[in-house]
file work.txt (compact mmCIF, N, CA and C atoms)
# COMPACT_ATOMS: atom_id res chain seq x y z
N MET E 1 -11.13 -37.18 43.69
CA MET E 1 -12.13 -37.36 42.67
C MET E 1 -11.45 -37.31 41.30
N SER E 2 -11.69 -38.31 40.48
CA SER E 2 -11.03 -38.38 39.17
C SER E 2 -11.75 -37.49 38.15
N ALA E 3 -11.07 -37.26 37.04
CA ALA E 3 -11.65 -36.44 35.97
C ALA E 3 -12.95 -37.06 35.45
N THR E 4 -13.01 -38.38 35.39
CA THR E 4 -14.21 -39.03 34.86
C THR E 4 -15.38 -38.94 35.84
N GLU E 5 -15.11 -38.63 37.09
CA GLU E 5 -16.19 -38.40 38.05
C GLU E 5 -16.68 -36.95 38.00
N ARG E 6 -15.82 -36.04 37.52
CA ARG E 6 -16.17 -34.62 37.45
C ARG E 6 -16.68 -34.19 36.08
N LEU E 7 -16.28 -34.91 35.05
CA LEU E 7 -16.56 -34.48 33.68
C LEU E 7 -17.29 -35.56 32.89
N THR E 8 -17.99 -35.12 31.86
CA THR E 8 -18.68 -36.02 30.94
C THR E 8 -18.32 -35.60 29.52
N PRO E 9 -17.90 -36.51 28.68
CA PRO E 9 -17.59 -36.13 27.30
C PRO E 9 -18.88 -35.89 26.50
N LYS E 10 -18.87 -34.88 25.67
CA LYS E 10 -19.98 -34.57 24.76
C LYS E 10 -19.38 -34.34 23.38
N PHE E 11 -20.15 -34.61 22.36
CA PHE E 11 -19.67 -34.40 21.01
C PHE E 11 -20.83 -34.09 20.09
N LYS E 12 -20.52 -33.51 18.95
CA LYS E 12 -21.49 -33.28 17.89
C LYS E 12 -20.99 -34.03 16.67
N LEU E 13 -21.90 -34.65 15.98
CA LEU E 13 -21.56 -35.45 14.81
C LEU E 13 -22.14 -34.79 13.57
N TRP E 14 -21.31 -34.62 12.54
CA TRP E 14 -21.76 -34.12 11.25
C TRP E 14 -21.32 -35.11 10.18
N LEU E 15 -22.18 -35.29 9.21
CA LEU E 15 -21.83 -36.10 8.05
C LEU E 15 -21.76 -35.16 6.85
N ASN E 16 -20.62 -35.16 6.19
CA ASN E 16 -20.41 -34.29 5.04
C ASN E 16 -20.40 -35.10 3.76
N GLY E 17 -20.87 -34.48 2.69
CA GLY E 17 -20.77 -35.09 1.37
C GLY E 17 -19.43 -34.74 0.75
N ARG E 18 -19.18 -35.30 -0.38
CA ARG E 18 -17.91 -35.01 -1.06
C ARG E 18 -17.77 -33.52 -1.36
N HIS E 19 -18.87 -32.88 -1.76
CA HIS E 19 -18.83 -31.47 -2.12
C HIS E 19 -19.78 -30.61 -1.29
N VAL E 20 -20.39 -31.21 -0.27
CA VAL E 20 -21.37 -30.48 0.54
C VAL E 20 -21.08 -30.75 2.02
N GLU E 21 -20.95 -29.68 2.79
CA GLU E 21 -20.73 -29.84 4.22
C GLU E 21 -22.05 -29.78 4.97
N GLY E 22 -22.10 -30.46 6.10
CA GLY E 22 -23.28 -30.40 6.95
C GLY E 22 -24.51 -31.05 6.35
N VAL E 23 -24.31 -32.14 5.61
CA VAL E 23 -25.43 -32.84 4.99
C VAL E 23 -26.39 -33.35 6.07
N PHE E 24 -25.84 -33.94 7.10
CA PHE E 24 -26.67 -34.49 8.17
C PHE E 24 -25.88 -34.46 9.46
N GLY E 25 -26.58 -34.24 10.55
CA GLY E 25 -25.93 -34.21 11.84
C GLY E 25 -26.96 -34.20 12.94
N ASP E 26 -26.52 -33.84 14.12
CA ASP E 26 -27.39 -33.90 15.28
C ASP E 26 -28.63 -33.00 15.15
N GLY E 27 -28.48 -31.84 14.54
CA GLY E 27 -29.62 -30.93 14.37
C GLY E 27 -30.71 -31.53 13.49
N LYS E 28 -30.32 -32.06 12.35
CA LYS E 28 -31.30 -32.69 11.45
C LYS E 28 -31.86 -33.96 12.06
N TRP E 29 -31.03 -34.67 12.81
CA TRP E 29 -31.48 -35.87 13.52
C TRP E 29 -32.60 -35.50 14.50
N ARG E 30 -32.37 -34.47 15.32
CA ARG E 30 -33.39 -34.04 16.28
C ARG E 30 -34.66 -33.56 15.57
N LEU E 31 -34.47 -32.85 14.45
CA LEU E 31 -35.62 -32.38 13.68
C LEU E 31 -36.46 -33.56 13.19
N LEU E 32 -35.81 -34.58 12.63
CA LEU E 32 -36.55 -35.75 12.17
C LEU E 32 -37.22 -36.49 13.32
N GLU E 33 -36.57 -36.56 14.47
CA GLU E 33 -37.18 -37.20 15.63
C GLU E 33 -38.46 -36.47 16.04
N HIS E 34 -38.41 -35.15 16.04
CA HIS E 34 -39.59 -34.37 16.41
C HIS E 34 -40.69 -34.51 15.36
N ILE E 35 -40.32 -34.53 14.10
CA ILE E 35 -41.32 -34.73 13.04
C ILE E 35 -41.98 -36.10 13.21
N GLU E 36 -41.17 -37.11 13.49
CA GLU E 36 -41.70 -38.46 13.69
C GLU E 36 -42.70 -38.48 14.85
N ALA E 37 -42.39 -37.80 15.93
CA ALA E 37 -43.23 -37.81 17.12
C ALA E 37 -44.49 -36.96 16.96
N GLN E 38 -44.35 -35.81 16.28
CA GLN E 38 -45.44 -34.84 16.23
C GLN E 38 -46.18 -34.79 14.91
N GLU E 39 -45.63 -35.43 13.89
CA GLU E 39 -46.20 -35.42 12.54
C GLU E 39 -46.46 -34.00 12.04
N SER E 40 -45.53 -33.11 12.36
CA SER E 40 -45.67 -31.72 11.94
C SER E 40 -44.30 -31.06 11.88
N LEU E 41 -43.96 -30.52 10.72
CA LEU E 41 -42.71 -29.79 10.57
C LEU E 41 -42.78 -28.48 11.36
N ARG E 42 -43.94 -27.84 11.34
CA ARG E 42 -44.10 -26.58 12.08
C ARG E 42 -43.93 -26.82 13.58
N ALA E 43 -44.55 -27.84 14.13
CA ALA E 43 -44.43 -28.14 15.56
C ALA E 43 -43.00 -28.56 15.91
N ALA E 44 -42.38 -29.33 15.02
CA ALA E 44 -41.00 -29.77 15.26
C ALA E 44 -40.05 -28.57 15.30
N SER E 45 -40.20 -27.65 14.35
CA SER E 45 -39.32 -26.48 14.32
C SER E 45 -39.57 -25.59 15.54
N ALA E 46 -40.81 -25.46 15.97
CA ALA E 46 -41.11 -24.67 17.16
C ALA E 46 -40.49 -25.31 18.41
N ALA E 47 -40.58 -26.62 18.51
CA ALA E 47 -40.03 -27.33 19.67
C ALA E 47 -38.51 -27.17 19.75
N LEU E 48 -37.87 -27.04 18.60
CA LEU E 48 -36.42 -26.90 18.55
C LEU E 48 -35.98 -25.43 18.53
N HIS E 49 -36.94 -24.53 18.56
CA HIS E 49 -36.66 -23.08 18.57
C HIS E 49 -35.90 -22.65 17.32
N ILE E 50 -36.31 -23.19 16.17
CA ILE E 50 -35.76 -22.74 14.89
C ILE E 50 -36.94 -22.35 14.00
N SER E 51 -36.68 -21.51 13.02
CA SER E 51 -37.76 -21.09 12.15
C SER E 51 -38.19 -22.24 11.23
N TYR E 52 -39.44 -22.17 10.81
CA TYR E 52 -39.96 -23.15 9.87
C TYR E 52 -39.11 -23.13 8.59
N ARG E 53 -38.75 -21.93 8.17
CA ARG E 53 -37.96 -21.77 6.94
C ARG E 53 -36.59 -22.46 7.06
N LYS E 54 -35.94 -22.29 8.21
CA LYS E 54 -34.64 -22.95 8.42
C LYS E 54 -34.82 -24.47 8.42
N ALA E 55 -35.84 -24.95 9.14
CA ALA E 55 -36.09 -26.40 9.21
C ALA E 55 -36.32 -26.96 7.82
N TRP E 56 -37.15 -26.31 7.04
CA TRP E 56 -37.45 -26.78 5.69
C TRP E 56 -36.20 -26.72 4.81
N GLY E 57 -35.42 -25.66 4.93
CA GLY E 57 -34.18 -25.53 4.16
C GLY E 57 -33.17 -26.61 4.52
N ASP E 58 -33.05 -26.91 5.81
CA ASP E 58 -32.14 -27.97 6.26
C ASP E 58 -32.55 -29.33 5.68
N LEU E 59 -33.84 -29.59 5.70
CA LEU E 59 -34.33 -30.87 5.17
C LEU E 59 -34.11 -30.97 3.67
N LYS E 60 -34.37 -29.88 2.95
CA LYS E 60 -34.13 -29.90 1.50
C LYS E 60 -32.66 -30.13 1.19
N LYS E 61 -31.78 -29.50 1.95
CA LYS E 61 -30.34 -29.67 1.75
C LYS E 61 -29.95 -31.14 1.96
N ALA E 62 -30.45 -31.74 3.02
CA ALA E 62 -30.14 -33.14 3.32
C ALA E 62 -30.69 -34.06 2.23
N GLN E 63 -31.94 -33.84 1.84
CA GLN E 63 -32.57 -34.69 0.83
C GLN E 63 -31.82 -34.61 -0.50
N THR E 64 -31.43 -33.41 -0.89
CA THR E 64 -30.70 -33.23 -2.16
C THR E 64 -29.35 -33.92 -2.10
N ALA E 65 -28.61 -33.70 -1.03
CA ALA E 65 -27.27 -34.29 -0.91
C ALA E 65 -27.32 -35.81 -0.79
N LEU E 66 -28.33 -36.34 -0.08
CA LEU E 66 -28.44 -37.78 0.11
C LEU E 66 -29.10 -38.48 -1.08
N GLY E 67 -29.84 -37.73 -1.86
CA GLY E 67 -30.54 -38.31 -3.00
C GLY E 67 -31.73 -39.16 -2.58
N ILE E 68 -32.32 -38.83 -1.42
CA ILE E 68 -33.50 -39.56 -0.94
C ILE E 68 -34.52 -38.57 -0.41
N VAL E 69 -35.75 -39.01 -0.30
CA VAL E 69 -36.82 -38.20 0.27
C VAL E 69 -37.00 -38.64 1.72
N LEU E 70 -36.81 -37.72 2.64
CA LEU E 70 -36.89 -38.02 4.07
C LEU E 70 -38.30 -37.85 4.64
N ILE E 71 -39.03 -36.86 4.11
CA ILE E 71 -40.36 -36.55 4.65
C ILE E 71 -41.38 -36.48 3.54
N GLU E 72 -42.63 -36.63 3.95
CA GLU E 72 -43.76 -36.48 3.04
C GLU E 72 -44.73 -35.52 3.70
N GLN E 73 -45.15 -34.50 2.96
CA GLN E 73 -46.05 -33.51 3.52
C GLN E 73 -47.42 -33.62 2.88
N GLN E 74 -48.43 -33.49 3.72
CA GLN E 74 -49.81 -33.43 3.26
C GLN E 74 -50.34 -32.08 3.70
N ARG E 75 -50.82 -31.31 2.75
CA ARG E 75 -51.24 -29.95 3.05
C ARG E 75 -52.66 -29.88 3.57
N GLY E 76 -52.88 -28.89 4.43
CA GLY E 76 -54.16 -28.43 4.94
C GLY E 76 -55.35 -29.38 4.93
N GLY E 77 -56.47 -28.83 4.54
CA GLY E 77 -57.70 -29.58 4.59
C GLY E 77 -58.41 -29.33 5.91
N ARG E 78 -59.50 -30.04 6.12
CA ARG E 78 -60.29 -29.82 7.34
C ARG E 78 -59.51 -30.16 8.60
N ARG E 79 -58.70 -31.17 8.55
CA ARG E 79 -57.94 -31.59 9.74
C ARG E 79 -56.57 -30.92 9.83
N GLY E 80 -56.23 -30.13 8.86
CA GLY E 80 -54.91 -29.51 8.84
C GLY E 80 -53.89 -30.42 8.17
N GLY E 81 -52.72 -29.89 7.92
CA GLY E 81 -51.69 -30.67 7.25
C GLY E 81 -50.91 -31.53 8.23
N ARG E 82 -50.06 -32.35 7.66
CA ARG E 82 -49.18 -33.15 8.50
C ARG E 82 -47.93 -33.49 7.71
N THR E 83 -46.86 -33.75 8.43
CA THR E 83 -45.58 -34.14 7.85
C THR E 83 -45.16 -35.44 8.52
N VAL E 84 -44.83 -36.43 7.71
CA VAL E 84 -44.40 -37.73 8.24
C VAL E 84 -43.09 -38.13 7.57
N LEU E 85 -42.38 -39.02 8.21
CA LEU E 85 -41.16 -39.56 7.62
C LEU E 85 -41.54 -40.59 6.57
N THR E 86 -40.81 -40.61 5.48
CA THR E 86 -40.98 -41.66 4.49
C THR E 86 -40.32 -42.93 5.03
N ALA E 87 -40.52 -44.04 4.34
CA ALA E 87 -39.85 -45.28 4.75
C ALA E 87 -38.33 -45.08 4.74
N GLN E 88 -37.81 -44.39 3.71
CA GLN E 88 -36.37 -44.10 3.66
C GLN E 88 -35.97 -43.18 4.80
N GLY E 89 -36.80 -42.21 5.11
CA GLY E 89 -36.52 -41.30 6.22
C GLY E 89 -36.43 -42.04 7.54
N LYS E 90 -37.35 -43.00 7.76
CA LYS E 90 -37.32 -43.80 8.99
C LYS E 90 -36.06 -44.66 9.05
N ARG E 91 -35.68 -45.26 7.92
CA ARG E 91 -34.46 -46.08 7.90
C ARG E 91 -33.23 -45.21 8.16
N TRP E 92 -33.18 -44.04 7.55
CA TRP E 92 -32.04 -43.13 7.75
C TRP E 92 -31.96 -42.70 9.21
N LEU E 93 -33.10 -42.34 9.81
CA LEU E 93 -33.13 -41.92 11.20
C LEU E 93 -32.66 -43.05 12.12
N ASP E 94 -33.13 -44.25 11.87
CA ASP E 94 -32.72 -45.40 12.69
C ASP E 94 -31.22 -45.68 12.55
N ALA E 95 -30.71 -45.62 11.32
CA ALA E 95 -29.28 -45.85 11.10
C ALA E 95 -28.44 -44.80 11.82
N TYR E 96 -28.86 -43.54 11.74
CA TYR E 96 -28.12 -42.47 12.41
C TYR E 96 -28.14 -42.66 13.92
N ARG E 97 -29.32 -43.00 14.46
CA ARG E 97 -29.43 -43.26 15.91
C ARG E 97 -28.45 -44.34 16.35
N ARG E 98 -28.42 -45.47 15.60
CA ARG E 98 -27.56 -46.59 15.98
C ARG E 98 -26.09 -46.22 15.83
N CYS E 99 -25.74 -45.54 14.75
CA CYS E 99 -24.36 -45.12 14.53
C CYS E 99 -23.91 -44.16 15.63
N ARG E 100 -24.75 -43.18 15.94
CA ARG E 100 -24.41 -42.20 16.96
C ARG E 100 -24.25 -42.86 18.32
N ARG E 101 -25.10 -43.82 18.63
CA ARG E 101 -25.01 -44.54 19.91
C ARG E 101 -23.67 -45.28 20.01
N ASP E 102 -23.25 -45.94 18.92
CA ASP E 102 -21.96 -46.64 18.91
C ASP E 102 -20.80 -45.67 19.09
N ILE E 103 -20.88 -44.53 18.41
CA ILE E 103 -19.82 -43.52 18.54
C ILE E 103 -19.79 -42.96 19.96
N GLU E 104 -20.96 -42.71 20.53
CA GLU E 104 -21.03 -42.21 21.91
C GLU E 104 -20.38 -43.20 22.88
N THR E 105 -20.64 -44.48 22.70
CA THR E 105 -20.03 -45.51 23.54
C THR E 105 -18.51 -45.49 23.39
N ALA E 106 -18.04 -45.35 22.14
CA ALA E 106 -16.59 -45.32 21.89
C ALA E 106 -15.96 -44.08 22.54
N VAL E 107 -16.63 -42.94 22.47
CA VAL E 107 -16.12 -41.71 23.09
C VAL E 107 -16.04 -41.88 24.61
N GLU E 108 -17.09 -42.43 25.19
CA GLU E 108 -17.09 -42.64 26.65
C GLU E 108 -15.99 -43.61 27.08
N THR E 109 -15.78 -44.65 26.30
CA THR E 109 -14.73 -45.63 26.59
C THR E 109 -13.35 -44.98 26.51
N ALA E 110 -13.11 -44.22 25.46
CA ALA E 110 -11.82 -43.54 25.29
C ALA E 110 -11.60 -42.51 26.40
N PHE E 111 -12.64 -41.78 26.74
CA PHE E 111 -12.53 -40.79 27.81
C PHE E 111 -12.11 -41.46 29.12
N ALA E 112 -12.79 -42.54 29.48
CA ALA E 112 -12.46 -43.26 30.72
C ALA E 112 -11.03 -43.79 30.66
N ARG E 113 -10.65 -44.34 29.52
CA ARG E 113 -9.32 -44.93 29.37
C ARG E 113 -8.22 -43.89 29.54
N PHE E 114 -8.36 -42.74 28.96
CA PHE E 114 -7.30 -41.74 28.98
C PHE E 114 -7.34 -40.79 30.17
N PHE E 115 -8.53 -40.51 30.69
CA PHE E 115 -8.62 -39.51 31.74
C PHE E 115 -8.73 -40.07 33.14
N ASP E 116 -9.01 -41.35 33.27
CA ASP E 116 -8.99 -41.94 34.62
C ASP E 116 -7.61 -41.83 35.24
N GLU E 117 -6.59 -41.92 34.40
CA GLU E 117 -5.22 -41.94 34.91
C GLU E 117 -4.66 -40.55 35.23
N VAL E 118 -5.33 -39.48 34.80
CA VAL E 118 -4.78 -38.15 35.07
C VAL E 118 -5.33 -37.52 36.35
N GLY E 119 -6.38 -38.10 36.89
CA GLY E 119 -6.90 -37.63 38.17
C GLY E 119 -7.71 -36.40 38.16
call {"tool": "encode", "arguments": {"input": "work.txt", "output": "structure tokens"}}
result
Amino acid sequence: MSATERLTPKFKLWLNGRHVEGVFGDGKWRLLEHIEAQESLRAASAALHISYRKAWGDLKKAQTALGIVLIEQQRGGRRGGRTVLTAQGKRWLDAYRRCRRDIETAVETAFARFFDEVG
């Protein structure tokens, strides 16, 4: 049985700014995906087992470093509040998904190329 039959490569991707580390990565990507699906920052943070405060802080950090608004919040009312992605947030999420998919394919290709031969 070869290494590629026993093992699977995994990776985490982070995007850093010139002066800011951890601007965007897999954690913020998952957070935005959950917000998109549930239209709620509170529900998204609960689903990811992180505090609402951490989720909101992570989003503010990303928005400040990127210079774009990723989410739009509507507070309370009779139906309760909701959080949705802005048009820029949707474009950013889609670009990250596509970029990450390409990188994942490259990692899998390199893994097969180098580790198939070691057995």
call {"tool": "residues_around", "arguments": {"input": "work.txt", "residues": "Leu15 (chain E)", "least_positions_apart": "5", "cutoff": "7 Å", "atoms": "only C-alpha atoms", "output": "list in words"}}
result
Gly22, Val23, Phe24 and Gly25 of chain E
call {"tool": "residues_around", "arguments": {"input": "work.txt", "residues": "Glu72 (chain E)", "least_positions_apart": "4", "cutoff": "7 Å", "atoms": "all atoms listed in the file", "output": "list in words"}}
result
Arg82, Thr83, Val84, Leu85 and Thr86 of chain E
call {"tool": "closest_residue", "arguments": {"input": "work.txt", "among": "E:Leu93, E:Leu13, E:Ala46, E:Ile68", "to": "Glu33 (chain E)", "atoms": "only N, CA and C atoms"}}
result
E:Leu93
call {"tool": "atom_distance", "arguments": {"input": "work.txt", "atom1": "atom N of Val107 (chain E)", "atom2": "atom C of Pro9 (chain E)"}}
result
8.4 Å
call {"tool": "closest_residue", "arguments": {"input": "work.txt", "among": "E:Ser45, E:Thr109, E:Ser40, E:Asn16", "to": "Gly81 (chain E)", "atoms": "only N, CA and C atoms"}}
result
E:Ser40
call {"tool": "closest_residue", "arguments": {"input": "work.txt", "among": "E:Asp102, E:Asp94, E:Leu32, E:Trp14", "to": "Ala44 (chain E)", "atoms": "only N, CA and C atoms"}}
result
E:Leu32
call {"tool": "residues_around", "arguments": {"input": "work.txt", "residues": "Gly57 (chain E)", "least_positions_apart": "5", "cutoff": "12 Å", "atoms": "only C-alpha atoms", "output": "PyMOL selection string"}}
result
chain E and resi 23+28+31+41+45+50-52+62-64
call {"tool": "closest_residue", "arguments": {"input": "work.txt", "among": "E:Asp58, E:Glu21, E:Glu36, E:Asp26", "to": "Ala87 (chain E)", "atoms": "only C-alpha atoms"}}
result
E:Glu36
call {"tool": "atom_distance", "arguments": {"input": "work.txt", "atom1": "CA of Ala65 (chain E)", "atom2": "CA of Gly27 (chain E)"}}
result
15.8 Å
call {"tool": "atom_distance", "arguments": {"input": "work.txt", "atom1": "CA of Lys12 (chain E)", "atom2": "CA of Ala112 (chain E)"}}
result
18.6 Å
call {"tool": "select_by_dssp", "arguments": {"input": "work.txt", "residues": "chain E", "states": "strand (DSSP E)", "output": "tab-separated table (two decimals) with N, CA and C atoms, in the coordinates of the input"}}
result
chain	number	residue	atom	x	y	z
E	14	TRP	N	-21.31	-34.62	12.54
E	14	TRP	CA	-21.76	-34.12	11.25
E	14	TRP	C	-21.32	-35.11	10.18
E	15	LEU	N	-22.18	-35.29	9.21
E	15	LEU	CA	-21.83	-36.10	8.05
E	15	LEU	C	-21.76	-35.16	6.85
E	24	PHE	N	-25.84	-33.94	7.10
E	24	PHE	CA	-26.67	-34.49	8.17
E	24	PHE	C	-25.88	-34.46	9.46
E	25	GLY	N	-26.58	-34.24	10.55
E	25	GLY	CA	-25.93	-34.21	11.84
E	25	GLY	C	-26.96	-34.20	12.94
E	71	ILE	N	-39.03	-36.86	4.11
E	71	ILE	CA	-40.36	-36.55	4.65
E	71	ILE	C	-41.38	-36.48	3.54
E	72	GLU	N	-42.63	-36.63	3.95
E	72	GLU	CA	-43.76	-36.48	3.04
E	72	GLU	C	-44.73	-35.52	3.70
E	73	GLN	N	-45.15	-34.50	2.96
E	73	GLN	CA	-46.05	-33.51	3.52
E	73	GLN	C	-47.42	-33.62	2.88
E	74	GLN	N	-48.43	-33.49	3.72
E	74	GLN	CA	-49.81	-33.43	3.26
E	74	GLN	C	-50.34	-32.08	3.70
E	82	ARG	N	-50.06	-32.35	7.66
E	82	ARG	CA	-49.18	-33.15	8.50
E	82	ARG	C	-47.93	-33.49	7.71
E	83	THR	N	-46.86	-33.75	8.43
E	83	THR	CA	-45.58	-34.14	7.85
E	83	THR	C	-45.16	-35.44	8.52
E	84	VAL	N	-44.83	-36.43	7.71
E	84	VAL	CA	-44.40	-37.73	8.24
E	84	VAL	C	-43.09	-38.13	7.57
E	85	LEU	N	-42.38	-39.02	8.21
E	85	LEU	CA	-41.16	-39.56	7.62
E	85	LEU	C	-41.54	-40.59	6.57
call {"tool": "residues_around", "arguments": {"input": "work.txt", "residues": "Phe115 (chain E)", "least_positions_apart": "4", "cutoff": "9 Å", "atoms": "only C-alpha atoms", "output": "list in words"}}
result
Ser2, Ala3, Thr4, Ala110, Phe111 and Gly119 of chain E
call {"tool": "write_last_selection", "arguments": {"input": "work.txt", "atoms": "N, CA and C atoms", "output": "mmCIF file, keeping the file's coordinate frame"}}
result
data_model
loop_
_atom_site.group_PDB
_atom_site.id
_atom_site.type_symbol
_atom_site.label_atom_id
_atom_site.label_comp_id
_atom_site.auth_asym_id
_atom_site.auth_seq_id
_atom_site.Cartn_x
_atom_site.Cartn_y
_atom_site.Cartn_z
ATOM 1 N N SER E 2 -11.690 -38.310 40.480
ATOM 2 C CA SER E 2 -11.030 -38.380 39.170
ATOM 3 C C SER E 2 -11.750 -37.490 38.150
ATOM 4 N N ALA E 3 -11.070 -37.260 37.040
ATOM 5 C CA ALA E 3 -11.650 -36.440 35.970
ATOM 6 C C ALA E 3 -12.950 -37.060 35.450
ATOM 7 N N THR E 4 -13.010 -38.380 35.390
ATOM 8 C CA THR E 4 -14.210 -39.030 34.860
ATOM 9 C C THR E 4 -15.380 -38.940 35.840
ATOM 10 N N ALA E 110 -13.110 -44.220 25.460
ATOM 11 C CA ALA E 110 -11.820 -43.540 25.290
ATOM 12 C C ALA E 110 -11.600 -42.510 26.400
ATOM 13 N N PHE E 111 -12.640 -41.780 26.740
ATOM 14 C CA PHE E 111 -12.530 -40.790 27.810
ATOM 15 C C PHE E 111 -12.110 -41.460 29.120
ATOM 16 N N GLY E 119 -6.380 -38.100 36.890
ATOM 17 C CA GLY E 119 -6.900 -37.630 38.170
ATOM 18 C C GLY E 119 -7.710 -36.400 38.160
#
call {"tool": "closest_residue", "arguments": {"input": "work.txt", "among": "E:Val118, E:Trp56, E:His49, E:Trp29", "to": "Arg97 (chain E)", "atoms": "only N, CA and C atoms"}}
result
E:Trp29
call {"tool": "closest_residue", "arguments": {"input": "work.txt", "among": "E:Ala55, E:Lys61, E:Arg30, E:Glu39", "to": "Gly17 (chain E)", "atoms": "only C-alpha atoms"}}
result
E:Lys61
